[in-house]
>>> print(open('work02.tsv').read())   # TSV, N, CA and C atoms
chain	number	residue	atom	x	y	z
A	160	MET	N	-149.84	15.09	-12.95
A	160	MET	CA	-148.51	15.67	-12.89
A	160	MET	C	-148.52	17.07	-13.50
A	161	PRO	N	-147.89	18.01	-12.84
A	161	PRO	CA	-147.84	19.36	-13.42
A	161	PRO	C	-146.90	19.40	-14.63
A	162	LEU	N	-147.17	20.34	-15.50
A	162	LEU	CA	-146.30	20.54	-16.65
A	162	LEU	C	-144.98	21.17	-16.22
A	163	GLU	N	-143.92	20.74	-16.84
A	163	GLU	CA	-142.61	21.33	-16.59
A	163	GLU	C	-142.50	22.65	-17.35
A	164	PRO	N	-141.71	23.59	-16.85
A	164	PRO	CA	-141.55	24.87	-17.54
A	164	PRO	C	-141.14	24.73	-19.00
A	165	GLU	N	-140.29	23.76	-19.30
A	165	GLU	CA	-139.85	23.56	-20.69
A	165	GLU	C	-141.02	23.07	-21.56
A	166	GLU	N	-141.88	22.24	-20.99
A	166	GLU	CA	-143.06	21.76	-21.73
A	166	GLU	C	-143.99	22.94	-22.05
A	167	ILE	N	-144.19	23.80	-21.09
A	167	ILE	CA	-145.04	24.97	-21.30
A	167	ILE	C	-144.47	25.87	-22.38
A	168	LYS	N	-143.15	26.07	-22.34
A	168	LYS	CA	-142.48	26.89	-23.35
A	168	LYS	C	-142.69	26.30	-24.75
A	169	GLU	N	-142.58	24.99	-24.88
A	169	GLU	CA	-142.77	24.33	-26.18
A	169	GLU	C	-144.23	24.45	-26.65
A	170	ILE	N	-145.15	24.37	-25.72
A	170	ILE	CA	-146.57	24.52	-26.07
A	170	ILE	C	-146.83	25.93	-26.59
A	171	TYR	N	-146.30	26.94	-25.90
A	171	TYR	CA	-146.44	28.32	-26.37
A	171	TYR	C	-145.84	28.49	-27.77
A	172	LYS	N	-144.70	27.87	-28.00
A	172	LYS	CA	-144.05	27.98	-29.32
A	172	LYS	C	-144.92	27.33	-30.40
A	173	GLN	N	-145.53	26.19	-30.08
A	173	GLN	CA	-146.38	25.52	-31.06
A	173	GLN	C	-147.63	26.35	-31.34
A	174	ILE	N	-148.21	26.93	-30.31
A	174	ILE	CA	-149.37	27.79	-30.51
A	174	ILE	C	-148.99	28.97	-31.40
A	175	GLY	N	-147.84	29.58	-31.13
A	175	GLY	CA	-147.36	30.69	-31.95
A	175	GLY	C	-147.17	30.28	-33.40
A	176	ALA	N	-146.59	29.11	-33.61
A	176	ALA	CA	-146.39	28.61	-34.97
A	176	ALA	C	-147.73	28.36	-35.66
A	177	ASN	N	-148.69	27.85	-34.92
A	177	ASN	CA	-150.01	27.61	-35.49
A	177	ASN	C	-150.70	28.92	-35.86
A	178	VAL	N	-150.58	29.93	-35.01
A	178	VAL	CA	-151.15	31.24	-35.33
A	178	VAL	C	-150.50	31.78	-36.60
A	179	ALA	N	-149.18	31.69	-36.68
A	179	ALA	CA	-148.46	32.19	-37.86
A	179	ALA	C	-148.92	31.48	-39.13
A	180	LYS	N	-149.05	30.16	-39.06
A	180	LYS	CA	-149.48	29.38	-40.22
A	180	LYS	C	-150.87	29.80	-40.69
A	181	ILE	N	-151.79	29.91	-39.76
A	181	ILE	CA	-153.15	30.30	-40.11
A	181	ILE	C	-153.20	31.73	-40.61
A	182	ARG	N	-152.46	32.62	-39.96
A	182	ARG	CA	-152.41	34.02	-40.39
A	182	ARG	C	-151.94	34.13	-41.83
A	183	LYS	N	-150.91	33.39	-42.17
A	183	LYS	CA	-150.37	33.42	-43.54
A	183	LYS	C	-151.37	32.82	-44.53
A	184	GLN	N	-152.04	31.74	-44.14
A	184	GLN	CA	-153.05	31.13	-45.01
A	184	GLN	C	-154.19	32.10	-45.31
A	185	LYS	N	-154.48	32.96	-44.34
A	185	LYS	CA	-155.57	33.93	-44.49
A	185	LYS	C	-155.07	35.24	-45.12
A	186	HIS	N	-153.79	35.28	-45.49
A	186	HIS	CA	-153.17	36.44	-46.14
A	186	HIS	C	-153.23	37.71	-45.27
A	187	TYR	N	-152.95	37.52	-43.99
A	187	TYR	CA	-152.89	38.63	-43.05
A	187	TYR	C	-151.42	38.91	-42.73
A	188	SER	N	-151.06	40.17	-42.75
A	188	SER	CA	-149.72	40.53	-42.28
A	188	SER	C	-149.74	40.59	-40.76
A	189	GLN	N	-148.56	40.56	-40.17
A	189	GLN	CA	-148.49	40.70	-38.72
A	189	GLN	C	-149.04	42.05	-38.29
A	190	LEU	N	-148.77	43.08	-39.07
A	190	LEU	CA	-149.26	44.42	-38.73
A	190	LEU	C	-150.78	44.47	-38.78
A	191	LYS	N	-151.38	43.95	-39.83
A	191	LYS	CA	-152.84	43.98	-39.96
A	191	LYS	C	-153.48	43.21	-38.80
A	192	LEU	N	-152.96	42.04	-38.49
A	192	LEU	CA	-153.51	41.27	-37.38
A	192	LEU	C	-153.36	42.04	-36.07
A	193	SER	N	-152.19	42.61	-35.85
A	193	SER	CA	-151.96	43.38	-34.63
A	193	SER	C	-152.96	44.51	-34.49
A	194	LEU	N	-153.15	45.27	-35.54
A	194	LEU	CA	-154.09	46.38	-35.50
A	194	LEU	C	-155.52	45.89	-35.28
A	195	ASP	N	-155.89	44.80	-35.93
A	195	ASP	CA	-157.25	44.28	-35.81
A	195	ASP	C	-157.57	43.72	-34.43
A	196	ILE	N	-156.54	43.36	-33.66
A	196	ILE	CA	-156.80	42.88	-32.30
A	196	ILE	C	-156.52	43.97	-31.26
A	197	GLY	N	-156.27	45.19	-31.74
A	197	GLY	CA	-156.16	46.33	-30.84
A	197	GLY	C	-154.77	46.72	-30.38
A	198	HIS	N	-153.74	46.26	-31.09
A	198	HIS	CA	-152.37	46.63	-30.74
A	198	HIS	C	-151.81	47.55	-31.82
A	199	ASN	N	-151.02	48.53	-31.40
A	199	ASN	CA	-150.50	49.52	-32.34
A	199	ASN	C	-149.17	49.17	-32.98
A	200	SER	N	-148.61	48.03	-32.59
A	200	SER	CA	-147.34	47.61	-33.20
A	200	SER	C	-147.38	46.09	-33.40
A	201	VAL	N	-146.43	45.59	-34.16
A	201	VAL	CA	-146.39	44.16	-34.44
A	201	VAL	C	-145.64	43.37	-33.37
A	202	SER	N	-145.14	44.03	-32.36
A	202	SER	CA	-144.30	43.35	-31.36
A	202	SER	C	-144.96	42.11	-30.77
A	203	LEU	N	-146.17	42.24	-30.27
A	203	LEU	CA	-146.82	41.09	-29.65
A	203	LEU	C	-146.92	39.93	-30.63
A	204	VAL	N	-147.47	40.19	-31.81
A	204	VAL	CA	-147.68	39.10	-32.77
A	204	VAL	C	-146.35	38.52	-33.23
A	205	SER	N	-145.41	39.37	-33.60
A	205	SER	CA	-144.13	38.85	-34.11
A	205	SER	C	-143.36	38.10	-33.04
A	206	PHE	N	-143.31	38.62	-31.83
A	206	PHE	CA	-142.58	37.95	-30.76
A	206	PHE	C	-143.27	36.65	-30.34
A	207	ALA	N	-144.60	36.69	-30.21
A	207	ALA	CA	-145.33	35.50	-29.75
A	207	ALA	C	-145.34	34.38	-30.78
A	208	GLU	N	-145.33	34.74	-32.06
A	208	GLU	CA	-145.32	33.70	-33.09
A	208	GLU	C	-144.06	32.85	-33.04
A	209	ILE	N	-142.95	33.43	-32.61
A	209	ILE	CA	-141.70	32.66	-32.55
A	209	ILE	C	-141.20	32.45	-31.11
A	210	GLY	N	-141.92	32.96	-30.14
A	210	GLY	CA	-141.54	32.78	-28.75
A	210	GLY	C	-140.34	33.61	-28.34
A	211	LEU	N	-140.13	34.72	-28.99
A	211	LEU	CA	-138.99	35.58	-28.70
A	211	LEU	C	-139.15	36.25	-27.34
A	212	LYS	N	-138.11	36.25	-26.55
A	212	LYS	CA	-138.07	36.88	-25.23
A	212	LYS	C	-139.19	36.37	-24.32
A	213	GLY	N	-139.58	35.12	-24.50
A	213	GLY	CA	-140.61	34.53	-23.65
A	213	GLY	C	-142.02	35.00	-23.95
A	214	ALA	N	-142.19	35.76	-25.03
A	214	ALA	CA	-143.52	36.26	-25.37
A	214	ALA	C	-144.43	35.11	-25.79
A	215	HIS	N	-145.70	35.24	-25.46
A	215	HIS	CA	-146.69	34.25	-25.87
A	215	HIS	C	-148.07	34.88	-25.88
A	216	PHE	N	-148.98	34.23	-26.60
A	216	PHE	CA	-150.36	34.69	-26.64
A	216	PHE	C	-151.09	34.21	-25.39
A	217	ASN	N	-151.92	35.07	-24.81
A	217	ASN	CA	-152.76	34.62	-23.71
A	217	ASN	C	-154.14	34.26	-24.29
A	218	ILE	N	-155.04	33.80	-23.46
A	218	ILE	CA	-156.33	33.34	-23.95
A	218	ILE	C	-157.12	34.47	-24.61
A	219	GLU	N	-157.03	35.67	-24.07
A	219	GLU	CA	-157.72	36.81	-24.69
A	219	GLU	C	-157.19	37.08	-26.09
A	220	HIS	N	-155.86	37.05	-26.25
A	220	HIS	CA	-155.28	37.23	-27.58
A	220	HIS	C	-155.80	36.17	-28.54
A	221	LEU	N	-155.80	34.92	-28.09
A	221	LEU	CA	-156.22	33.82	-28.96
A	221	LEU	C	-157.69	33.95	-29.35
A	222	LEU	N	-158.52	34.39	-28.41
A	222	LEU	CA	-159.94	34.60	-28.72
A	222	LEU	C	-160.10	35.71	-29.76
A	223	GLN	N	-159.36	36.80	-29.58
A	223	GLN	CA	-159.44	37.91	-30.54
A	223	GLN	C	-158.92	37.49	-31.91
A	224	ILE	N	-157.81	36.78	-31.93
A	224	ILE	CA	-157.23	36.33	-33.20
A	224	ILE	C	-158.17	35.37	-33.91
A	225	ALA	N	-158.77	34.45	-33.16
A	225	ALA	CA	-159.72	33.50	-33.76
A	225	ALA	C	-160.89	34.24	-34.39
A	226	LYS	N	-161.37	35.27	-33.73
A	226	LYS	CA	-162.49	36.05	-34.26
A	226	LYS	C	-162.08	36.78	-35.53
A	227	VAL	N	-160.93	37.45	-35.50
A	227	VAL	CA	-160.45	38.21	-36.65
A	227	VAL	C	-160.19	37.29	-37.85
A	228	LEU	N	-159.53	36.15	-37.60
A	228	LEU	CA	-159.19	35.25	-38.69
A	228	LEU	C	-160.33	34.29	-39.06
A	229	GLU	N	-161.41	34.36	-38.29
A	229	GLU	CA	-162.59	33.52	-38.53
A	229	GLU	C	-162.24	32.03	-38.54
A	230	VAL	N	-161.60	31.61	-37.44
A	230	VAL	CA	-161.25	30.20	-37.26
A	230	VAL	C	-161.68	29.76	-35.86
A	231	ASP	N	-161.82	28.47	-35.70
A	231	ASP	CA	-162.10	27.91	-34.38
A	231	ASP	C	-160.82	28.01	-33.55
A	232	ILE	N	-160.95	28.47	-32.33
A	232	ILE	CA	-159.78	28.64	-31.47
A	232	ILE	C	-159.01	27.33	-31.31
A	233	CYS	N	-159.69	26.21	-31.44
A	233	CYS	CA	-159.03	24.89	-31.30
A	233	CYS	C	-157.91	24.70	-32.33
A	234	GLU	N	-157.99	25.39	-33.46
A	234	GLU	CA	-156.95	25.26	-34.48
A	234	GLU	C	-155.59	25.71	-33.98
A	235	PHE	N	-155.58	26.60	-33.01
A	235	PHE	CA	-154.31	27.09	-32.47
A	235	PHE	C	-153.61	26.02	-31.61
A	236	PHE	N	-154.35	24.98	-31.23
A	236	PHE	CA	-153.80	23.93	-30.38
A	236	PHE	C	-153.46	22.66	-31.15
A	237	ASP	N	-153.47	22.76	-32.49
A	237	ASP	CA	-153.11	21.63	-33.33
A	237	ASP	C	-151.67	21.20	-33.04
A	238	ARG	N	-151.46	19.88	-33.00
A	238	ARG	CA	-150.14	19.27	-32.77
A	238	ARG	C	-149.67	19.41	-31.32
A	239	ILE	N	-150.59	19.68	-30.41
A	239	ILE	CA	-150.24	19.72	-28.99
A	239	ILE	C	-150.87	18.51	-28.33
A	240	SER	N	-150.03	17.69	-27.75
A	240	SER	CA	-150.54	16.50	-27.07
A	240	SER	C	-149.64	16.21	-25.88
A	241	PHE	N	-150.14	15.37	-25.02
A	241	PHE	CA	-149.39	14.98	-23.84
A	241	PHE	C	-149.14	13.49	-23.86
A	242	ASP	N	-147.90	13.10	-23.77
A	242	ASP	CA	-147.56	11.67	-23.73
A	242	ASP	C	-147.97	11.11	-22.38
A	243	LYS	N	-148.52	9.91	-22.41
A	243	LYS	CA	-148.95	9.28	-21.17
A	243	LYS	C	-147.98	8.21	-20.75
>>> encode(input="work02.tsv", output="structure tokens")
Amino acid sequence: MPLEPEEIKEIYKQIGANVAKIRKQKHYSQLKLSLDIGHNSVSLVSFAEIGLKGAHFNIEHLLQIAKVLEVDICEFFDRISFDK
């Protein structure tokens, strides 16, 4: 069964929350993380962490963030599951 749009939105929000949690644990500001992944403003990180205006991280963002924060990319998918 395909995922419903609302399910996808919730998954993006959970990924954003996971990125925010890990970023804070690593004592990174949104600005520092943004600059370290090649963005000149905090818009992407701040919007994607809370799902503002439909913003979300794509796989390239997640790979870059995992490298910068020195974590396994799988950590961004914590608490995401599919009911059967």
>>> atom_distance(input="work02.tsv", atom1="atom N of Phe216 in chain A", atom2="atom N of Pro164 in chain A")
16.2 Å
>>> closest_residue(input="work02.tsv", among="A:Gly213, A:Leu190, A:Ile196, A:Val227", to="Lys168 in chain A", atoms="only N, CA and C atoms")
A:Gly213
>>> atom_distance(input="work02.tsv", atom1="atom C of Lys185 in chain A", atom2="atom C of Lys226 in chain A")
12.0 Å
>>> atom_distance(input="work02.tsv", atom1="CA of Glu234 in chain A", atom2="CA of Asn177 in chain A")
7.4 Å
>>> residues_around(input="work02.tsv", residues="Gly175 in chain A", least_positions_apart="4", cutoff="9 Å", atoms="only C-alpha atoms", output="PyMOL selection string")
chain A and resi 170-171+179-180+204+206-210+215-216+235
>>> closest_residue(input="work02.tsv", among="A:His220, A:Val230, A:Pro161, A:Arg238", to="His198 in chain A", atoms="only C-alpha atoms")
A:His220
>>> select_by_dssp(input="work02.tsv", residues="chain A", states="alpha helix (DSSP H)", output="ChimeraX atom specification")
/A:164-184,189-195,202-209,218-228
>>> closest_residue(input="work02.tsv", among="A:Val201, A:Ile167, A:Val178, A:Leu162", to="Leu222 in chain A", atoms="only C-alpha atoms")
A:Val178
>>> closest_residue(input="work02.tsv", among="A:Ser202, A:Gln223, A:Gln189, A:Gln173", to="Ser240 in chain A", atoms="only C-alpha atoms")
A:Gln173
>>> axis_aligned_box(input="work02.tsv", around="range 175-191 of chain A", padding_each_side="3 Å", output="AutoDock Vina command-line options")
--center_x -151.0 --center_y 36.0 --center_z -38.6 --size_x 15.2 --size_y 22.9 --size_z 21.0
>>> residues_around(input="work02.tsv", residues="Ile224 in chain A", least_positions_apart="6", cutoff="8 Å", atoms="all atoms listed in the file", output="number ranges by chain")
A: 192, 195-196, 218, 230-232
>>> decode(input="work02.tsv", residues="range 219-232 of chain A", atoms="all heavy atoms", output="compact mmCIF listing (two decimals), in the first residue's frame")
# COMPACT_ATOMS: atom_id res chain seq x y z
N GLU A 219 20.16 13.82 0.49
CA GLU A 219 21.47 14.49 0.46
C GLU A 219 21.70 15.30 1.73
O GLU A 219 22.78 15.27 2.31
CB GLU A 219 21.59 15.38 -0.77
CG GLU A 219 22.95 16.03 -0.90
CD GLU A 219 23.09 16.92 -2.14
OE1 GLU A 219 22.29 16.76 -3.08
OE2 GLU A 219 24.00 17.75 -2.14
N HIS A 220 20.68 16.04 2.16
CA HIS A 220 20.79 16.80 3.41
C HIS A 220 21.11 15.87 4.57
O HIS A 220 22.00 16.15 5.38
CB HIS A 220 19.49 17.55 3.74
CG HIS A 220 19.07 18.55 2.74
ND1 HIS A 220 17.75 18.69 2.37
CD2 HIS A 220 19.76 19.47 2.03
CE1 HIS A 220 17.65 19.66 1.48
NE2 HIS A 220 18.86 20.14 1.25
N LEU A 221 20.37 14.76 4.66
CA LEU A 221 20.56 13.84 5.77
C LEU A 221 21.95 13.22 5.76
O LEU A 221 22.57 13.04 6.81
CB LEU A 221 19.47 12.76 5.77
CG LEU A 221 18.05 13.27 6.02
CD1 LEU A 221 17.06 12.13 5.88
CD2 LEU A 221 17.95 13.92 7.39
N LEU A 222 22.45 12.90 4.57
CA LEU A 222 23.81 12.36 4.47
C LEU A 222 24.84 13.39 4.94
O LEU A 222 25.76 13.06 5.69
CB LEU A 222 24.11 11.92 3.04
CG LEU A 222 23.36 10.67 2.56
CD1 LEU A 222 23.47 10.54 1.05
CD2 LEU A 222 23.89 9.44 3.26
N GLN A 223 24.67 14.64 4.51
CA GLN A 223 25.60 15.69 4.92
C GLN A 223 25.52 15.94 6.43
O GLN A 223 26.55 16.09 7.10
CB GLN A 223 25.30 16.99 4.16
CG GLN A 223 25.65 16.90 2.69
CD GLN A 223 25.21 18.13 1.91
OE1 GLN A 223 24.27 18.83 2.30
NE2 GLN A 223 25.88 18.39 0.81
N ILE A 224 24.31 15.99 6.96
CA ILE A 224 24.12 16.23 8.40
C ILE A 224 24.73 15.08 9.21
O ILE A 224 25.40 15.31 10.22
CB ILE A 224 22.63 16.43 8.73
CG1 ILE A 224 22.13 17.73 8.09
CG2 ILE A 224 22.39 16.45 10.23
CD1 ILE A 224 20.62 17.90 8.10
N ALA A 225 24.51 13.84 8.76
CA ALA A 225 25.08 12.69 9.47
C ALA A 225 26.60 12.77 9.50
O ALA A 225 27.22 12.49 10.53
CB ALA A 225 24.62 11.39 8.80
N LYS A 226 27.19 13.19 8.40
CA LYS A 226 28.65 13.32 8.35
C LYS A 226 29.13 14.41 9.29
O LYS A 226 30.06 14.21 10.06
CB LYS A 226 29.09 13.61 6.91
CG LYS A 226 30.59 13.67 6.75
CD LYS A 226 31.00 13.84 5.31
CE LYS A 226 32.52 13.86 5.20
NZ LYS A 226 32.95 14.01 3.82
N VAL A 227 28.49 15.57 9.24
CA VAL A 227 28.89 16.70 10.08
C VAL A 227 28.73 16.37 11.57
O VAL A 227 29.61 16.65 12.38
CB VAL A 227 28.08 17.97 9.72
CG1 VAL A 227 28.23 19.05 10.77
CG2 VAL A 227 28.52 18.49 8.35
N LEU A 228 27.59 15.76 11.92
CA LEU A 228 27.32 15.46 13.33
C LEU A 228 27.95 14.14 13.78
O LEU A 228 27.85 13.80 14.96
CB LEU A 228 25.81 15.43 13.58
CG LEU A 228 25.07 16.75 13.36
CD1 LEU A 228 23.58 16.57 13.64
CD2 LEU A 228 25.65 17.86 14.22
N GLU A 229 28.56 13.43 12.84
CA GLU A 229 29.23 12.16 13.14
C GLU A 229 28.28 11.15 13.79
O GLU A 229 28.55 10.62 14.86
CB GLU A 229 30.47 12.38 14.00
CG GLU A 229 31.52 13.24 13.33
CD GLU A 229 32.73 13.52 14.19
OE1 GLU A 229 32.62 13.52 15.43
OE2 GLU A 229 33.81 13.74 13.61
N VAL A 230 27.15 10.93 13.10
CA VAL A 230 26.17 9.95 13.56
C VAL A 230 25.78 9.05 12.38
O VAL A 230 25.96 9.42 11.22
CB VAL A 230 24.89 10.61 14.15
CG1 VAL A 230 25.21 11.43 15.38
CG2 VAL A 230 24.17 11.45 13.12
N ASP A 231 25.25 7.90 12.70
CA ASP A 231 24.72 7.01 11.68
C ASP A 231 23.41 7.61 11.17
O ASP A 231 22.56 8.03 11.96
CB ASP A 231 24.47 5.63 12.30
CG ASP A 231 24.11 4.58 11.27
OD1 ASP A 231 23.26 4.86 10.39
OD2 ASP A 231 24.66 3.48 11.37
N ILE A 232 23.25 7.65 9.87
CA ILE A 232 22.05 8.25 9.28
C ILE A 232 20.78 7.58 9.80
O ILE A 232 19.72 8.20 9.87
CB ILE A 232 22.11 8.21 7.73
CG1 ILE A 232 21.04 9.12 7.13
CG2 ILE A 232 22.05 6.79 7.21
CD1 ILE A 232 21.18 9.34 5.65
